[in-house]
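Structure, as structure tokens:
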Amino acid sequence: SLRFVSPPVSITPGAAFSLSVELLGSDGQRATTSHDLVTIAAAGTTTITGPTTVAATAGLASFNGLLLSQTSGNVQLTASSAGLTTSTASLPVKAGPVALQQSSVSPAPCTILATVTTPMAFTFKDAIGNPSASVAVSLTSNLAGTTFTPASGTTTATGTFEAGVRTAGAGSAPITATVDGNAITFAAPFVAVDFPAPATLAFPGSATGSLQPE
């Protein structure tokens, strides 16, 4: 029979991955004398590119540089070899850790009024541009009195999250977003300013009279 060995925790779309398959003897141990060919395939319409068929070395078939066409969800991989019972593994397909270089906040840079809630949109992506879809996100700032509404939630399928930002006073500070357990910091995307003081108008003397219709 066959058995997957330490498959990846998840597969990142567009990024190469590796895995290994053991060929087992009747005693359930690795057949170290086996050099049979082993093939990896994906279920459904998903395709795998790369070296999908390799010869085992001492009972272990190692696959490197594989790429998957699927971009989300779970993929079922099957390992097969002539005369042996196949083995399957279901692996999640998801974006890699969020990357600051690929992520953005809008509008930024911008000027906002203190004590007024301003809507902002955050877009999160991994290092190769895959959206951080349907994952937990939370927002914080070290500018005293700054609040976000909501301060946490779940990103959309395109990796976006919308929140209103409100400051207690004037100032500027970074915004830190923690996305699926990984933190990135946007450097001072906004500057909060106080409301301008109302203008005082001075009138010399006094005026009397009334407006008459023409």
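Residue numbering restarts at 1 for every chain of the structure tokens, chains are lettered A, B, ... in their displayed order, and ligands are numbered from 1 as they appear.
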Can I get the residues of range 15-60 of chain A within 12 Å of range 85-101 of chain A, each with the closest pair of atoms and their distance in Å to one decimal, using only C-alpha atoms, sorted chain first then ascending number, as a Markdown table?
| residue | atom | partner | partner_atom | distance |
| --- | --- | --- | --- | --- |
| A:Ala15 | CA | A:Gly96 | CA | 9.0 |
| A:Ala16 | CA | A:Gly96 | CA | 11.9 |
| A:Phe17 | CA | A:Val93 | CA | 11.4 |
| A:Leu19 | CA | A:Ala89 | CA | 10.9 |
| A:Ser20 | CA | A:Ala89 | CA | 11.6 |
| A:Val21 | CA | A:Ser87 | CA | 8.8 |
| A:Glu22 | CA | A:Ser87 | CA | 9.8 |
| A:Leu23 | CA | A:Thr85 | CA | 9.7 |
| A:Leu24 | CA | A:Thr85 | CA | 9.7 |
| A:Gly25 | CA | A:Thr85 | CA | 11.0 |
| A:Ser26 | CA | A:Thr85 | CA | 11.3 |
| A:Val38 | CA | A:Thr86 | CA | 9.8 |
| A:Thr39 | CA | A:Thr86 | CA | 9.8 |
| A:Ile40 | CA | A:Thr88 | CA | 9.5 |
| A:Ala41 | CA | A:Thr88 | CA | 9.6 |
| A:Ala42 | CA | A:Thr88 | CA | 9.4 |
| A:Ala43 | CA | A:Thr88 | CA | 9.8 |
| A:Thr46 | CA | A:Val93 | CA | 11.5 |
(request) From the DSSP assignment of the backbone, select every residue of range 24-80 of chain A that is strand (DSSP E or B), and format the answer as JSON, numbers by chain. (result) {"A": [24, 30, 37, 38, 39, 40, 41, 42, 48, 49, 53, 54, 55, 57, 60, 61, 62, 63, 64, 65, 66, 67, 68, 74, 75, 76, 77, 78, 79, 80]}
(message) What does the structure give for the distance between CA of Ala170 in chain A and CA of Phe186 in chain A, in Å to one decimal?
(response)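 Value for the CA of Ala170 in chain A-CA of Phe186 in chain A distance: 18.3 Å.
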(request) Mind checking which residues fall within 8 Å of Ser134 in chain A, counting only C-alpha atoms, ignoring those fewer than 3 positions away in the same chain, and posting them as a VMD selection string? (result) chain A and resid 154 to 157 159
Selected residues, C-alpha atoms, written as a PDB file, in the first residue's frame, please.
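So the final result, stored in selection.pdb, reads:
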ATOM      1  CA  THR A 154     -13.593  38.378   8.735  1.00  0.00           C
ATOM      2  CA  THR A 155     -12.192  39.365   5.357  1.00  0.00           C
ATOM      3  CA  THR A 156     -14.263  38.934   2.194  1.00  0.00           C
ATOM      4  CA  ALA A 157     -13.495  36.469  -0.591  1.00  0.00           C
ATOM      5  CA  GLY A 159      -9.359  39.771   1.060  1.00  0.00           C
TER       6      GLY A 159
END
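Using only C-alpha atoms, the smallest distance between any of A:Val179, A:Ala31, A:Ala79, A:Ala187 and Val54 in chain A comes from A:Ala79.
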(message) Set the distance at 12 Å and use only C-alpha atoms: which residues neighbour Val137 in chain A once local chain neighbours fewer than 3 positions away are removed? I'd like the list as a PyMOL selection string.
(response) chain A and resi 98+122-124+132-134+140+150-156+159-163+176-184
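Considering the residues A:Ala56, A:Val75, A:Met120, A:Val5 and counting only C-alpha atoms, Leu139 in chain A has its shortest atom-to-atom contact with A:Met120.
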(request) Between A:Gly28, A:Gly73, A:Gly169, A:Pro107, single out the one closest to Ala188 in chain A, counting only C-alpha atoms. (result)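 Of A:Gly28, A:Gly73, A:Gly169, A:Pro107, the one nearest Ala188 in chain A, counting only C-alpha atoms, is A:Pro107.
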Please list as an mmCIF file with all heavy atoms, in the first residue's frame every residue within 9 Å of Ser172 in chain A, counting only C-alpha atoms and excluding residues in the same chain fewer than 2 positions away.
data_model
loop_
_atom_site.group_PDB
_atom_site.id
_atom_site.type_symbol
_atom_site.label_atom_id
_atom_site.label_comp_id
_atom_site.auth_asym_id
_atom_site.auth_seq_id
_atom_site.Cartn_x
_atom_site.Cartn_y
_atom_site.Cartn_z
ATOM 1 N N LEU A 143 -2.298 55.333 18.684
ATOM 2 C CA LEU A 143 -2.708 56.706 18.943
ATOM 3 C C LEU A 143 -3.819 56.673 19.978
ATOM 4 O O LEU A 143 -4.881 56.084 19.748
ATOM 5 C CB LEU A 143 -3.194 57.378 17.658
ATOM 6 C CG LEU A 143 -3.668 58.830 17.787
ATOM 7 C CD1 LEU A 143 -2.533 59.725 18.265
ATOM 8 C CD2 LEU A 143 -4.223 59.339 16.462
ATOM 9 N N ALA A 170 -6.223 65.174 17.736
ATOM 10 C CA ALA A 170 -5.329 65.291 16.593
ATOM 11 C C ALA A 170 -4.116 64.381 16.765
ATOM 12 O O ALA A 170 -3.701 64.062 17.878
ATOM 13 C CB ALA A 170 -4.883 66.736 16.424
ATOM 14 N N PRO A 174 0.643 54.622 13.275
ATOM 15 C CA PRO A 174 0.462 53.439 12.424
ATOM 16 C C PRO A 174 -0.826 52.697 12.773
ATOM 17 O O PRO A 174 -1.370 52.840 13.866
ATOM 18 C CB PRO A 174 1.699 52.581 12.737
ATOM 19 C CG PRO A 174 2.663 53.500 13.413
ATOM 20 C CD PRO A 174 1.832 54.519 14.124
ATOM 21 N N ALA A 188 1.426 55.155 9.488
ATOM 22 C CA ALA A 188 0.704 56.429 9.516
ATOM 23 C C ALA A 188 -0.117 56.691 8.261
ATOM 24 O O ALA A 188 0.176 57.613 7.508
ATOM 25 C CB ALA A 188 1.704 57.564 9.746
ATOM 26 N N PRO A 189 -1.154 55.880 8.008
ATOM 27 C CA PRO A 189 -1.958 56.096 6.799
ATOM 28 C C PRO A 189 -2.869 57.318 6.873
ATOM 29 O O PRO A 189 -3.433 57.721 5.867
ATOM 30 C CB PRO A 189 -2.780 54.813 6.706
ATOM 31 C CG PRO A 189 -2.902 54.345 8.118
ATOM 32 C CD PRO A 189 -1.610 54.721 8.783
ATOM 33 N N PHE A 190 -3.007 57.912 8.083
ATOM 34 C CA PHE A 190 -3.876 59.077 8.193
ATOM 35 C C PHE A 190 -3.287 60.088 9.175
ATOM 36 O O PHE A 190 -2.453 59.756 10.020
ATOM 37 C CB PHE A 190 -5.275 58.677 8.672
ATOM 38 C CG PHE A 190 -5.310 58.169 10.097
ATOM 39 C CD1 PHE A 190 -5.436 59.040 11.163
ATOM 40 C CD2 PHE A 190 -5.211 56.813 10.366
ATOM 41 C CE1 PHE A 190 -5.454 58.581 12.474
ATOM 42 C CE2 PHE A 190 -5.234 56.340 11.673
ATOM 43 C CZ PHE A 190 -5.354 57.230 12.729
ATOM 44 N N VAL A 191 -3.726 61.333 9.030
ATOM 45 C CA VAL A 191 -3.415 62.396 9.986
ATOM 46 C C VAL A 191 -4.738 62.965 10.459
ATOM 47 O O VAL A 191 -5.550 63.430 9.642
ATOM 48 C CB VAL A 191 -2.555 63.511 9.356
ATOM 49 C CG1 VAL A 191 -2.341 64.643 10.361
ATOM 50 C CG2 VAL A 191 -1.215 62.966 8.885
ATOM 51 N N ALA A 192 -4.982 62.915 11.751
ATOM 52 C CA ALA A 192 -6.218 63.447 12.315
ATOM 53 C C ALA A 192 -5.987 64.883 12.749
ATOM 54 O O ALA A 192 -4.981 65.206 13.392
ATOM 55 C CB ALA A 192 -6.670 62.602 13.499
ATOM 56 N N VAL A 193 -6.916 65.745 12.378
ATOM 57 C CA VAL A 193 -6.815 67.164 12.748
ATOM 58 C C VAL A 193 -8.072 67.567 13.492
ATOM 59 O O VAL A 193 -9.152 67.002 13.295
ATOM 60 C CB VAL A 193 -6.620 68.064 11.506
ATOM 61 C CG1 VAL A 193 -5.314 67.732 10.809
ATOM 62 C CG2 VAL A 193 -7.788 67.917 10.539
#
(request) For CA of Pro119 in chain A and CA of Gly171 in chain A, quote the distance in Å rounded to one decimal. (result) 17.3 Å
